[in-house]
file start_5.cif (mmCIF, C-alpha atoms and all ligand atoms)
data_model
loop_
_atom_site.label_atom_id
_atom_site.label_comp_id
_atom_site.auth_asym_id
_atom_site.auth_seq_id
_atom_site.Cartn_x
_atom_site.Cartn_y
_atom_site.Cartn_z
CA MET U 897 -9.70 -29.10 -1.83
CA PHE U 898 -9.63 -25.78 0.08
CA ASP U 899 -13.14 -25.38 1.47
CA VAL U 900 -13.21 -21.98 3.13
CA ASN U 901 -16.78 -22.36 4.37
CA GLU U 902 -15.83 -25.54 6.23
CA ILE U 903 -12.69 -23.87 7.55
CA ARG U 904 -14.69 -20.93 8.90
CA LYS U 905 -16.69 -23.29 11.09
CA ASP U 906 -13.50 -23.95 13.07
CA PHE U 907 -13.28 -20.29 14.13
CA PRO U 908 -15.80 -19.30 16.83
CA MET U 909 -15.32 -15.61 16.06
CA LEU U 910 -16.44 -16.20 12.48
CA ASN U 911 -19.65 -17.92 13.44
CA GLY U 912 -21.88 -14.90 13.46
CA LYS U 913 -20.59 -13.56 16.74
CA MET U 914 -18.10 -11.04 15.46
CA MET U 915 -20.33 -7.99 15.33
CA GLN U 916 -19.84 -4.29 15.51
CA ASN U 917 -22.59 -2.31 13.76
CA HIS U 918 -22.48 -4.99 11.05
CA PRO U 919 -21.13 -8.53 10.94
CA LEU U 920 -17.42 -7.81 10.96
CA VAL U 921 -15.19 -8.49 7.97
CA TYR U 922 -11.86 -9.01 9.65
CA LEU U 923 -9.05 -7.77 7.40
CA ASP U 924 -6.44 -6.98 10.03
CA ASN U 925 -4.66 -10.33 9.94
CA GLY U 926 -1.26 -8.68 9.60
CA ALA U 927 -1.77 -7.42 13.16
CA THR U 928 -3.08 -10.67 14.58
CA THR U 929 -5.20 -13.62 13.51
CA LEU U 930 -8.33 -15.32 14.80
CA LYS U 931 -8.06 -18.62 16.65
CA PRO U 932 -9.55 -21.97 15.68
CA GLN U 933 -11.36 -24.01 18.33
CA SER U 934 -8.47 -26.51 18.58
CA VAL U 935 -6.14 -23.73 19.74
CA ILE U 936 -8.67 -22.42 22.25
CA ASP U 937 -9.22 -25.99 23.49
CA ALA U 938 -5.50 -26.58 23.93
CA VAL U 939 -5.17 -23.45 26.08
CA VAL U 940 -8.32 -24.15 28.12
CA SER U 941 -7.37 -27.79 28.58
CA TYR U 942 -4.06 -26.76 30.15
CA TYR U 943 -5.83 -24.52 32.64
CA THR U 944 -8.60 -26.97 33.44
CA GLU U 945 -6.72 -30.27 33.42
CA THR U 946 -2.94 -29.99 33.55
CA SER U 947 -2.04 -26.62 35.04
CA CYS U 948 1.37 -27.57 36.49
CA ASN U 949 4.81 -26.15 35.91
CA ILE U 950 7.22 -27.84 33.51
CA HIS U 951 10.71 -29.30 34.00
CA ARG U 952 10.46 -28.88 37.78
CA GLY U 953 7.92 -31.21 39.36
CA ASP U 954 8.70 -34.76 40.47
CA TYR U 955 5.25 -36.11 39.73
CA ASP U 956 3.43 -37.62 36.75
CA LEU U 957 1.35 -34.60 35.83
CA SER U 958 4.35 -32.31 35.65
CA PHE U 959 6.20 -34.93 33.66
CA GLN U 960 3.24 -35.22 31.27
CA ILE U 961 2.95 -31.49 30.69
CA SER U 962 6.72 -31.13 30.28
CA ASN U 963 6.47 -33.76 27.55
CA GLU U 964 3.66 -31.92 25.81
CA TYR U 965 5.64 -28.67 25.97
CA GLU U 966 8.61 -30.40 24.35
CA GLN U 967 6.25 -31.92 21.76
CA GLY U 968 5.41 -28.29 20.95
CA ARG U 969 9.07 -27.66 20.22
CA LYS U 970 9.14 -30.71 17.95
CA THR U 971 6.09 -29.41 16.11
CA VAL U 972 7.75 -26.05 15.51
CA ALA U 973 10.91 -27.80 14.32
CA ARG U 974 8.87 -29.85 11.84
CA PHE U 975 6.97 -26.73 10.69
CA LEU U 976 10.25 -24.92 9.95
CA ASN U 977 12.25 -27.99 8.86
CA ALA U 978 14.69 -27.25 11.69
CA GLU U 979 16.34 -29.40 14.34
CA VAL U 980 14.52 -29.54 17.68
CA ASN U 981 17.41 -27.99 19.62
CA GLU U 982 17.37 -24.99 17.26
CA ILE U 983 13.95 -23.84 18.49
CA VAL U 984 13.79 -21.32 21.33
CA PHE U 985 10.45 -20.20 22.73
CA THR U 986 10.16 -16.47 23.35
CA SER U 987 7.26 -14.15 24.09
CA GLY U 988 6.97 -13.16 20.42
CA ALA U 989 8.88 -12.09 17.32
CA SER U 990 9.94 -8.84 19.04
CA ALA U 991 11.53 -10.72 21.93
CA ALA U 992 13.27 -13.11 19.53
CA LEU U 993 14.65 -10.29 17.37
CA ASN U 994 15.88 -8.42 20.46
CA GLN U 995 17.56 -11.57 21.78
CA ILE U 996 19.41 -12.00 18.50
CA ALA U 997 20.51 -8.37 18.23
CA PHE U 998 21.64 -8.03 21.83
CA GLY U 999 22.79 -11.63 22.29
CA TYR U 1000 24.64 -12.04 19.00
CA GLY U 1001 25.28 -8.44 17.95
CA MET U 1002 26.80 -7.19 21.20
CA ASP U 1003 29.35 -10.02 21.25
CA ASN U 1004 30.24 -10.05 17.59
CA LEU U 1005 30.15 -6.48 16.28
CA LYS U 1006 32.76 -3.77 16.61
CA GLU U 1007 33.53 -0.34 15.23
CA GLY U 1008 33.63 -0.35 11.45
CA ASP U 1009 31.34 -3.36 11.09
CA VAL U 1010 28.12 -2.89 9.15
CA ILE U 1011 24.58 -4.05 9.82
CA LEU U 1012 22.79 -4.13 6.49
CA THR U 1013 19.05 -3.71 6.55
CA THR U 1014 16.20 -1.99 4.69
CA HIS U 1015 13.80 0.91 5.02
CA GLU U 1016 10.86 -1.50 5.12
CA GLU U 1017 11.71 -3.12 8.45
CA HIS U 1018 9.24 -3.28 11.30
CA ALA U 1019 10.40 -1.44 14.44
CA SER U 1020 10.97 -4.77 16.20
CA SER U 1021 13.38 -5.84 13.46
CA ILE U 1022 15.41 -2.64 13.17
CA LEU U 1023 15.36 -0.79 16.52
CA PRO U 1024 17.39 -3.46 18.39
CA TRP U 1025 20.09 -3.09 15.73
CA PHE U 1026 20.06 0.72 16.04
CA SER U 1027 20.76 0.25 19.72
CA VAL U 1028 23.47 -2.39 19.17
CA ALA U 1029 25.09 -0.18 16.51
CA LYS U 1030 25.29 2.72 18.99
CA LYS U 1031 26.80 0.54 21.69
CA THR U 1032 29.35 -1.27 19.49
CA GLY U 1033 30.29 1.46 17.02
CA ALA U 1034 28.94 -0.62 14.12
CA LYS U 1035 27.19 1.24 11.32
CA ILE U 1036 23.71 0.78 9.88
CA GLU U 1037 23.47 0.73 6.09
CA TYR U 1038 20.40 0.27 3.89
CA ILE U 1039 19.80 -1.89 0.87
CA PRO U 1040 18.12 0.37 -1.69
CA LEU U 1041 14.51 -0.59 -2.40
CA THR U 1042 12.92 -0.08 -5.80
CA ASP U 1043 10.45 2.79 -6.25
CA LYS U 1044 7.68 0.33 -5.41
CA GLY U 1045 9.48 -0.65 -2.21
CA GLU U 1046 10.68 -4.04 -3.44
CA LEU U 1047 13.90 -5.65 -2.27
CA THR U 1048 15.69 -7.31 -5.19
CA VAL U 1049 18.73 -9.55 -5.44
CA GLU U 1050 20.40 -6.90 -7.60
CA SER U 1051 19.91 -4.15 -5.04
CA PHE U 1052 21.17 -6.46 -2.30
CA GLN U 1053 24.22 -7.27 -4.41
CA SER U 1054 24.93 -3.57 -4.90
CA ALA U 1055 24.79 -2.94 -1.14
CA MET U 1056 26.73 -5.99 0.10
CA HIS U 1057 30.42 -5.65 0.94
CA SER U 1058 33.05 -7.17 3.18
CA ALA U 1059 32.40 -4.95 6.23
CA VAL U 1060 28.81 -6.23 6.44
CA LYS U 1061 28.64 -8.66 9.35
CA VAL U 1062 24.86 -8.86 9.83
CA VAL U 1063 22.06 -8.74 7.29
CA ALA U 1064 18.75 -8.05 9.04
CA VAL U 1065 15.75 -8.28 6.71
CA ALA U 1066 12.09 -9.20 6.80
CA ALA U 1067 11.11 -12.12 4.60
CA VAL U 1068 7.83 -10.30 3.90
CA SER U 1069 7.28 -6.62 4.66
CA ASN U 1070 4.30 -6.02 6.93
CA VAL U 1071 3.34 -3.00 4.83
CA LEU U 1072 3.92 -4.08 1.25
CA GLY U 1073 3.68 -7.86 1.40
CA TYR U 1074 6.37 -8.57 -1.18
CA LYS U 1075 8.13 -11.88 -0.71
CA ASN U 1076 11.81 -11.02 -0.45
CA PRO U 1077 14.46 -13.21 -2.14
CA ILE U 1078 15.76 -14.48 1.19
CA LYS U 1079 17.41 -17.61 -0.17
CA GLU U 1080 19.45 -15.65 -2.70
CA ILE U 1081 20.27 -12.93 -0.17
CA THR U 1082 21.45 -15.51 2.32
CA ALA U 1083 23.64 -17.31 -0.21
CA LEU U 1084 25.37 -14.07 -1.12
CA ALA U 1085 25.65 -12.86 2.48
CA HIS U 1086 27.36 -16.13 3.40
CA GLU U 1087 29.92 -15.65 0.64
CA TYR U 1088 30.96 -12.54 2.56
CA GLY U 1089 30.84 -14.33 5.93
CA ALA U 1090 27.84 -12.33 7.20
CA VAL U 1091 25.00 -13.82 9.22
CA VAL U 1092 21.40 -13.39 8.10
CA VAL U 1093 18.70 -12.50 10.61
CA CYS U 1094 15.32 -13.01 9.05
CA ASP U 1095 12.16 -11.44 10.44
CA GLY U 1096 9.64 -14.12 9.52
CA ALA U 1097 6.65 -12.56 11.33
CA GLN U 1098 4.73 -11.99 8.07
CA TRP U 1099 6.18 -14.94 6.23
CA ALA U 1100 5.71 -17.97 8.48
CA PRO U 1101 1.89 -17.57 8.68
CA HIS U 1102 1.48 -17.40 4.90
CA VAL U 1103 4.31 -19.22 3.11
CA LYS U 1104 5.88 -22.63 3.70
CA THR U 1105 9.07 -22.08 5.69
CA ASP U 1106 12.08 -24.29 5.24
CA VAL U 1107 15.02 -22.89 7.18
CA LYS U 1108 17.38 -25.51 5.75
CA ASP U 1109 16.50 -24.47 2.23
CA LEU U 1110 16.60 -20.74 3.00
CA ASP U 1111 19.79 -21.34 5.00
CA VAL U 1112 19.11 -18.26 7.19
CA ASP U 1113 21.12 -18.14 10.40
CA PHE U 1114 18.29 -16.81 12.56
CA LEU U 1115 14.55 -16.49 12.01
CA ALA U 1116 11.82 -15.09 14.24
CA PHE U 1117 8.03 -15.29 14.19
CA SER U 1118 5.03 -14.82 16.48
CA GLY U 1119 2.38 -17.39 17.35
CA HIS U 1120 -0.54 -14.98 17.33
CA LYS U 1121 -0.06 -14.11 13.64
CA LEU U 1122 -0.60 -17.75 12.63
CA CYS U 1123 -3.72 -18.65 14.63
CA GLY U 1124 -1.82 -19.28 17.86
CA PRO U 1125 -2.05 -17.55 21.22
CA THR U 1126 -0.45 -14.23 22.09
CA GLY U 1127 2.61 -14.26 24.32
CA ILE U 1128 4.46 -16.92 22.36
CA GLY U 1129 7.01 -16.62 19.60
CA VAL U 1130 9.87 -18.56 18.13
CA LEU U 1131 13.53 -17.84 17.73
CA TYR U 1132 15.11 -20.25 15.29
CA GLY U 1133 18.91 -20.23 15.20
CA LYS U 1134 21.52 -22.56 13.78
CA TYR U 1135 22.64 -24.62 16.73
CA ASP U 1136 26.29 -23.50 16.82
CA LEU U 1137 25.19 -19.87 16.75
CA LEU U 1138 22.70 -20.48 19.56
CA GLU U 1139 25.33 -22.25 21.63
CA ALA U 1140 27.68 -19.29 21.20
CA MET U 1141 25.02 -16.63 21.83
CA THR U 1142 24.60 -14.86 25.17
CA PRO U 1143 21.10 -15.08 26.65
CA MET U 1144 19.48 -11.75 27.47
CA MET U 1145 17.73 -13.24 30.45
CA LEU U 1146 19.14 -15.47 33.16
CA GLY U 1147 17.32 -17.43 35.82
CA GLY U 1148 15.69 -20.69 36.79
CA GLY U 1149 15.65 -23.41 34.19
CA ALA U 1150 18.41 -21.84 32.08
CA ASN U 1151 21.37 -22.72 34.29
CA ALA U 1152 22.90 -26.06 35.20
CA ARG U 1153 24.84 -24.76 38.20
CA PHE U 1154 25.97 -21.55 39.91
CA ASP U 1155 28.00 -20.76 43.01
CA ALA U 1156 28.42 -18.01 45.55
CA CYS U 1157 31.37 -16.56 43.64
CA GLY U 1158 29.06 -15.76 40.75
CA ASN U 1159 30.16 -18.57 38.44
CA ILE U 1160 27.32 -19.69 36.23
CA LEU U 1161 27.20 -22.79 34.09
CA LEU U 1162 24.42 -22.39 31.55
CA LYS U 1163 22.49 -25.28 30.06
CA HIS U 1164 22.83 -25.96 26.36
CA ALA U 1165 20.57 -24.25 23.82
CA PRO U 1166 17.63 -23.95 23.69
CA ALA U 1167 17.15 -24.26 27.50
CA LYS U 1168 19.67 -21.53 28.27
CA PHE U 1169 17.38 -18.98 26.59
CA GLU U 1170 14.24 -20.02 28.46
CA ALA U 1171 14.80 -18.72 31.97
CA GLY U 1172 11.76 -18.64 34.23
CA THR U 1173 8.36 -20.25 33.86
CA PRO U 1174 7.39 -19.98 30.20
CA ALA U 1175 3.93 -19.38 28.71
CA ILE U 1176 3.17 -23.11 28.86
CA GLU U 1177 -0.43 -22.81 27.67
CA ALA U 1178 0.72 -20.64 24.78
CA VAL U 1179 3.23 -23.28 23.64
CA LEU U 1180 0.43 -25.86 23.69
CA GLY U 1181 -1.79 -23.45 21.76
CA LEU U 1182 0.98 -22.78 19.26
CA LYS U 1183 1.41 -26.52 18.76
CA ALA U 1184 -2.31 -26.83 18.00
CA ALA U 1185 -2.13 -23.85 15.62
CA LEU U 1186 0.77 -25.30 13.65
CA GLU U 1187 -0.93 -28.68 13.44
CA TYR U 1188 -4.02 -26.90 12.14
CA LEU U 1189 -2.01 -25.06 9.45
CA GLU U 1190 -0.18 -28.25 8.51
CA LYS U 1191 -3.50 -30.01 8.05
CA LEU U 1192 -4.66 -27.30 5.65
CA GLY U 1193 -1.26 -27.25 3.96
CA MET U 1194 0.90 -24.15 3.73
CA ASP U 1195 1.03 -24.36 -0.07
CA ALA U 1196 -2.77 -24.44 -0.25
CA ILE U 1197 -2.96 -21.48 2.15
CA GLU U 1198 -0.49 -19.47 0.07
CA GLU U 1199 -2.29 -20.27 -3.15
CA TYR U 1200 -5.73 -19.40 -1.76
CA GLU U 1201 -4.51 -16.12 -0.30
CA ALA U 1202 -2.87 -15.19 -3.60
CA SER U 1203 -6.13 -15.82 -5.46
CA LEU U 1204 -8.09 -13.70 -2.95
CA LYS U 1205 -5.52 -10.95 -3.27
CA ARG U 1206 -5.63 -11.01 -7.08
CA TYR U 1207 -9.43 -10.86 -6.97
CA ALA U 1208 -9.37 -7.91 -4.57
CA VAL U 1209 -6.77 -6.03 -6.58
CA GLU U 1210 -8.65 -6.46 -9.87
CA LYS U 1211 -11.73 -4.90 -8.26
CA LEU U 1212 -9.89 -2.17 -6.38
CA LYS U 1213 -8.02 -1.14 -9.53
CA GLU U 1214 -11.36 -0.06 -11.01
CA LEU U 1215 -11.74 2.56 -8.28
CA ASP U 1216 -10.11 5.74 -9.54
CA HIS U 1217 -10.04 7.43 -6.16
CA LEU U 1218 -7.75 4.74 -4.72
CA ILE U 1219 -3.95 4.62 -4.81
CA LEU U 1220 -2.71 1.02 -4.59
CA TYR U 1221 0.89 0.63 -3.44
CA ASN U 1222 1.44 -3.10 -3.85
CA ALA U 1223 -0.94 -4.47 -6.46
CA ASP U 1224 1.59 -7.09 -7.60
CA ALA U 1225 2.68 -8.35 -4.17
CA SER U 1226 1.60 -11.96 -3.93
CA THR U 1227 0.88 -12.27 -0.20
CA GLY U 1228 -2.47 -11.11 1.16
CA ILE U 1229 -1.52 -7.56 2.13
CA ILE U 1230 -3.30 -4.75 0.29
CA THR U 1231 -1.91 -1.31 1.00
CA PHE U 1232 -3.64 1.76 -0.32
CA ASN U 1233 -4.77 5.31 0.18
CA VAL U 1234 -7.83 7.21 -0.87
CA LYS U 1235 -7.08 10.44 -2.72
CA ASP U 1236 -7.66 13.49 -0.52
CA VAL U 1237 -8.79 11.39 2.46
CA PHE U 1238 -6.66 10.97 5.58
CA ALA U 1239 -5.86 7.25 6.00
CA GLN U 1240 -7.26 7.02 9.52
CA ASP U 1241 -10.52 8.66 8.38
CA ALA U 1242 -10.78 6.13 5.55
CA ALA U 1243 -10.18 3.25 7.99
CA SER U 1244 -12.83 4.71 10.29
CA TYR U 1245 -15.29 4.88 7.40
CA LEU U 1246 -14.56 1.21 6.62
CA ASN U 1247 -15.12 0.47 10.30
CA SER U 1248 -18.54 2.13 10.09
CA GLN U 1249 -19.30 -0.43 7.37
CA GLY U 1250 -18.07 -3.37 9.45
CA ILE U 1251 -14.65 -3.71 7.81
CA ALA U 1252 -11.66 -4.00 10.15
CA VAL U 1253 -8.41 -2.67 8.66
CA ARG U 1254 -5.44 -0.78 10.02
CA ALA U 1255 -4.21 2.70 9.08
CA GLY U 1256 -0.97 4.47 9.90
CA ASN U 1257 2.70 3.69 9.34
CA HIS U 1258 2.35 0.09 10.57
CA CYS U 1259 5.47 0.31 12.79
CA ALA U 1260 7.60 0.69 9.64
CA LYS U 1261 8.23 4.37 10.20
CA ILE U 1262 11.05 4.82 7.69
CA LEU U 1263 9.28 3.09 4.80
CA THR U 1264 7.19 6.25 4.55
CA GLU U 1265 10.26 7.87 2.93
CA VAL U 1266 10.14 5.31 0.12
CA LEU U 1267 6.36 5.37 -0.30
CA LYS U 1268 6.34 9.17 -0.05
CA THR U 1269 3.35 9.12 2.21
CA SER U 1270 3.26 9.12 5.97
CA GLU U 1271 0.21 6.89 6.30
CA THR U 1272 -1.46 4.08 4.42
CA ILE U 1273 -4.44 1.82 4.93
CA ARG U 1274 -3.63 -1.89 5.18
CA ALA U 1275 -6.17 -4.62 4.55
CA SER U 1276 -4.53 -7.95 5.29
CA LEU U 1277 -6.13 -11.23 4.28
CA TYR U 1278 -5.87 -14.71 5.72
CA PHE U 1279 -7.05 -18.12 4.55
CA TYR U 1280 -10.42 -17.84 6.31
CA ASN U 1281 -11.41 -14.70 4.42
CA THR U 1282 -13.81 -15.17 1.52
CA PHE U 1283 -14.43 -13.69 -1.90
CA GLU U 1284 -17.77 -12.37 -0.54
CA GLU U 1285 -15.90 -10.53 2.20
CA VAL U 1286 -13.63 -9.01 -0.41
CA ASP U 1287 -16.77 -7.87 -2.28
CA ARG U 1288 -18.06 -6.20 0.89
CA PHE U 1289 -14.71 -4.51 1.39
CA VAL U 1290 -14.62 -3.26 -2.20
CA GLU U 1291 -18.22 -1.98 -1.99
CA ALA U 1292 -17.33 -0.06 1.17
CA ALA U 1293 -14.10 1.24 -0.40
CA LYS U 1294 -16.14 2.65 -3.31
CA ASN U 1295 -17.83 5.02 -0.88
CA ILE U 1296 -14.81 6.35 0.95
CA THR U 1297 -15.07 10.05 0.26
CA VAL U 1298 -14.37 13.16 2.31
CA GLU U 1299 -18.13 13.72 2.48
CA ASN U 1300 -18.79 10.25 3.85
CA CYS U 1301 -16.01 10.62 6.40
CA VAL U 1302 -17.39 13.92 7.74
CA GLY U 1303 -19.26 13.35 10.95
CA LEU U 1304 -17.83 9.90 11.63
CA PHE U 1305 -16.47 11.04 14.95
CA PHE U 1306 -19.40 13.19 16.17
C1 LIG U 1401 7.23 -7.79 10.10
C2 LIG U 1401 7.01 -7.81 11.58
N1 LIG U 1401 8.03 -8.04 12.40
C3 LIG U 1401 7.87 -8.09 13.73
C4 LIG U 1401 6.66 -7.90 14.32
C5 LIG U 1401 6.53 -7.96 15.79
O1 LIG U 1401 5.71 -9.02 16.19
P1 LIG U 1401 5.16 -9.11 17.68
O2 LIG U 1401 4.46 -7.82 17.97
O3 LIG U 1401 4.24 -10.27 17.68
O4 LIG U 1401 6.36 -9.31 18.57
C6 LIG U 1401 5.54 -7.65 13.50
C7 LIG U 1401 4.21 -7.37 14.08
O5 LIG U 1401 3.37 -6.74 13.50
C8 LIG U 1401 5.72 -7.62 12.10
O6 LIG U 1401 4.70 -7.40 11.26
#

call {"tool": "encode", "arguments": {"input": "start_5.cif", "output": "structure tokens", "more": "lines below"}}
Ligand SMILES: Cc1ncc(COP(=O)(O)O)c(C=O)c1O
result
Amino acid sequence: MFDVNEIRKDFPMLNGKMMQNHPLVYLDNGATTLKPQSVIDAVVSYYTETSCNIHRGDYDLSFQISNEYEQGRKTVARFLNAEVNEIVFTSGASAALNQIAFGYGMDNLKEGDVILTTHEEHASSILPWFSVAKKTGAKIEYIPLTDKGELTVESFQSAMHSAVKVVAVAAVSNVLGYKNPIKEITALAHEYGAVVVCDGAQWAPHVKTDVKDLDVDFLAFSGHKLCGPTGIGVLYGKYDLLEAMTPMMLGGGANARFDACGNILLKHAPAKFEAGTPAIEAVLGLKAALEYLEKLGMDAIEEYEASLKRYAVEKLKELDHLILYNADASTGIITFNVKDVFAQDAASYLNSQGIAVRAGNHCAKILTEVLKTSETIRASLYFYNTFEEVDRFVEAAKNITVENCVGLFF
């Protein structure tokens, strides 16, 4: 049974403390999520009880914390249904996606090769490939999206061809929230011998992830978008690909040996990608976050979010002054505009009513060409949001008018 009121008790920020002018309704979960007490405790406990470095000290405490860090890797592997040595800790999804593009792309792409992607990608998913394309002579091509901005198997099929060596796509767009057919895309991409790089930043927090079932070659996500700390992310890669990939960063912990002539013997994956002291407390916090999500159950989370989203959409559809861009997307992202009102003004009006949303292009700056608008307002739900909060959001949305936005800034 999914008891949201019980769940909310686990989140200190939801216990009456999150105030602006009003008790805050936090609907900016696509940007980052709130943290349950168990995650906060894991981070604090590291700093108060076990604040030693890992994999370096010859004493019990360092050994203990190294073990806990590696338990974190095991937890991520379980969460993704991956092997433990396929999990690399990074500083976030952006770092993971850059590592893949520069580490894999630079070594494997050449003039005439194609990187196939979409107009809905987040900057962190697509900009590394722009750069790699310039350096290698590879070309960027786009899978056509439907008028609504959906990525379909048919459109992928129409865009796929033998020169495509990399398919770089988000599993869920951070603007539109559609679940992309990653499994089908991957199966087809593999028929052509291409590798699939999946941006899972908006998928992993909301949908059960099984990398073996999806069969993606690489997947990236961030801890802070699924109740974990900032400064920690995950790069999943099939082991053989990781072993063959060049690390972007070299240093302590990543090498087995080096000599004065400049010869370097790197450790095996994943250690070779984790040079330097990592964000140890963030790994422990991520472990606690994933355990928390596992306890709730990813299927239950997905189902609850979908019901909240449906409820919100039904109510928002009644408001004639709103344009909804993704009413039928099943994840908890609601993207809209208010007729004749600048998106940022609308978001500021919602703020004045205690509703936290985001307005702008959401780092997906070329999706605006598909949506035919340069800015949208994004309300993004998570499992701790309630139907009452949706009601408050809808009530506030009713009153977004030019008149009500006048004077917000003075
Ligand atoms: C789809 C998508 N990809 C990548 C990122 C980058 O994540 P981070 O900023 O945590 O590195 C985000 C963040 O908003 C995102 O929504």

call {"tool": "residues_around", "arguments": {"input": "start_5.cif", "residues": "region 1166-1170 of chain U", "least_positions_apart": "6", "cutoff": "9 Å", "atoms": "all atoms listed in the file", "output": "VMD selection string"}}
result
chain U and resid 980 to 986 995 1135 1138 to 1139 1142 to 1152

call {"tool": "residues_near_ligand", "arguments": {"input": "start_5.cif", "ligand": "ligand LIG 1401 (chain U)", "cutoff": "9 Å", "atoms": "all atoms listed in the file", "output": "PyMOL selection string"}}
result
chain U and resi 926-928+987-993+1016-1021+1066-1071+1095-1099+1116-1121+1126-1129+1258-1260

call {"tool": "write_last_selection", "arguments": {"input": "start_5.cif", "atoms": "C-alpha atoms", "output": "short mmCIF file (atom, residue, chain, number, x, y, z; two decimals), keeping the file's coordinate frame"}}
result
data_model
loop_
_atom_site.label_atom_id
_atom_site.label_comp_id
_atom_site.auth_asym_id
_atom_site.auth_seq_id
_atom_site.Cartn_x
_atom_site.Cartn_y
_atom_site.Cartn_z
CA GLY U 926 -1.26 -8.68 9.60
CA ALA U 927 -1.77 -7.42 13.16
CA THR U 928 -3.08 -10.67 14.58
CA SER U 987 7.26 -14.15 24.09
CA GLY U 988 6.97 -13.16 20.42
CA ALA U 989 8.88 -12.09 17.32
CA SER U 990 9.94 -8.84 19.04
CA ALA U 991 11.53 -10.72 21.93
CA ALA U 992 13.27 -13.11 19.53
CA LEU U 993 14.65 -10.29 17.37
CA GLU U 1016 10.86 -1.50 5.12
CA GLU U 1017 11.71 -3.12 8.45
CA HIS U 1018 9.24 -3.28 11.30
CA ALA U 1019 10.40 -1.44 14.44
CA SER U 1020 10.97 -4.77 16.20
CA SER U 1021 13.38 -5.84 13.46
CA ALA U 1066 12.09 -9.20 6.80
CA ALA U 1067 11.11 -12.12 4.60
CA VAL U 1068 7.83 -10.30 3.90
CA SER U 1069 7.28 -6.62 4.66
CA ASN U 1070 4.30 -6.02 6.93
CA VAL U 1071 3.34 -3.00 4.83
CA ASP U 1095 12.16 -11.44 10.44
CA GLY U 1096 9.64 -14.12 9.52
CA ALA U 1097 6.65 -12.56 11.33
CA GLN U 1098 4.73 -11.99 8.07
CA TRP U 1099 6.18 -14.94 6.23
CA ALA U 1116 11.82 -15.09 14.24
CA PHE U 1117 8.03 -15.29 14.19
CA SER U 1118 5.03 -14.82 16.48
CA GLY U 1119 2.38 -17.39 17.35
CA HIS U 1120 -0.54 -14.98 17.33
CA LYS U 1121 -0.06 -14.11 13.64
CA THR U 1126 -0.45 -14.23 22.09
CA GLY U 1127 2.61 -14.26 24.32
CA ILE U 1128 4.46 -16.92 22.36
CA GLY U 1129 7.01 -16.62 19.60
CA HIS U 1258 2.35 0.09 10.57
CA CYS U 1259 5.47 0.31 12.79
CA ALA U 1260 7.60 0.69 9.64
#

call {"tool": "residues_around", "arguments": {"input": "start_5.cif", "residues": "Thr1272 (chain U)", "least_positions_apart": "6", "cutoff": "9 Å", "atoms": "only C-alpha atoms", "output": "JSON, numbers by chain"}}
result
{"U": [1071, 1221, 1231, 1232, 1233, 1234, 1238, 1239, 1240, 1254, 1255, 1256, 1257, 1258, 1264]}

call {"tool": "atom_distance", "arguments": {"input": "start_5.cif", "atom1": "CA of Ile1036 (chain U)", "atom2": "CA of Lys1061 (chain U)"}}
result
10.7 Å

call {"tool": "closest_residue", "arguments": {"input": "start_5.cif", "among": "U:Tyr942, U:Phe975, U:Tyr965, U:Tyr1245", "to": "Glu1190 (chain U)", "atoms": "all atoms listed in the file"}}
result
U:Phe975

call {"tool": "closest_residue", "arguments": {"input": "start_5.cif", "among": "U:Asp924, U:Val1103, U:Leu1220, U:Ser1276", "to": "Glu1198 (chain U)", "atoms": "all atoms listed in the file"}}
result
U:Val1103

call {"tool": "residues_near_point", "arguments": {"input": "start_5.cif", "point": "(-3.0, -20.2, 5.0)", "cutoff": "9 Å", "atoms": "only C-alpha atoms", "output": "list in words"}}
result
Pro1101, His1102, Val1103, Leu1122, Leu1189, Leu1192, Gly1193, Met1194, Asp1195, Ala1196, Ile1197, Glu1198, Glu1199, Tyr1200, Glu1201, Tyr1278, Phe1279 and Tyr1280 of chain U

call {"tool": "write_last_selection", "arguments": {"input": "start_5.cif", "atoms": "C-alpha atoms", "output": "compact mmCIF listing (two decimals), keeping the file's coordinate frame"}}
result
# COMPACT_ATOMS: atom_id res chain seq x y z
CA PRO U 1101 1.89 -17.57 8.68
CA HIS U 1102 1.48 -17.40 4.90
CA VAL U 1103 4.31 -19.22 3.11
CA LEU U 1122 -0.60 -17.75 12.63
CA LEU U 1189 -2.01 -25.06 9.45
CA LEU U 1192 -4.66 -27.30 5.65
CA GLY U 1193 -1.26 -27.25 3.96
CA MET U 1194 0.90 -24.15 3.73
CA ASP U 1195 1.03 -24.36 -0.07
CA ALA U 1196 -2.77 -24.44 -0.25
CA ILE U 1197 -2.96 -21.48 2.15
CA GLU U 1198 -0.49 -19.47 0.07
CA GLU U 1199 -2.29 -20.27 -3.15
CA TYR U 1200 -5.73 -19.40 -1.76
CA GLU U 1201 -4.51 -16.12 -0.30
CA TYR U 1278 -5.87 -14.71 5.72
CA PHE U 1279 -7.05 -18.12 4.55
CA TYR U 1280 -10.42 -17.84 6.31

call {"tool": "closest_residue", "arguments": {"input": "start_5.cif", "among": "U:Ala1175, U:Ala1243, U:Ile1296, U:Val1049", "to": "Leu1084 (chain U)", "atoms": "all atoms listed in the file"}}
result
U:Val1049

call {"tool": "closest_residue", "arguments": {"input": "start_5.cif", "among": "U:Ala1242, U:Leu1212, U:Cys1094, U:Ile996", "to": "Met1141 (chain U)", "atoms": "only C-alpha atoms"}}
result
U:Ile996

call {"tool": "closest_residue", "arguments": {"input": "start_5.cif", "among": "U:Thr971, U:Ser1248, U:Thr1269, U:Asn994", "to": "Ala1292 (chain U)", "atoms": "all atoms listed in the file"}}
result
U:Ser1248
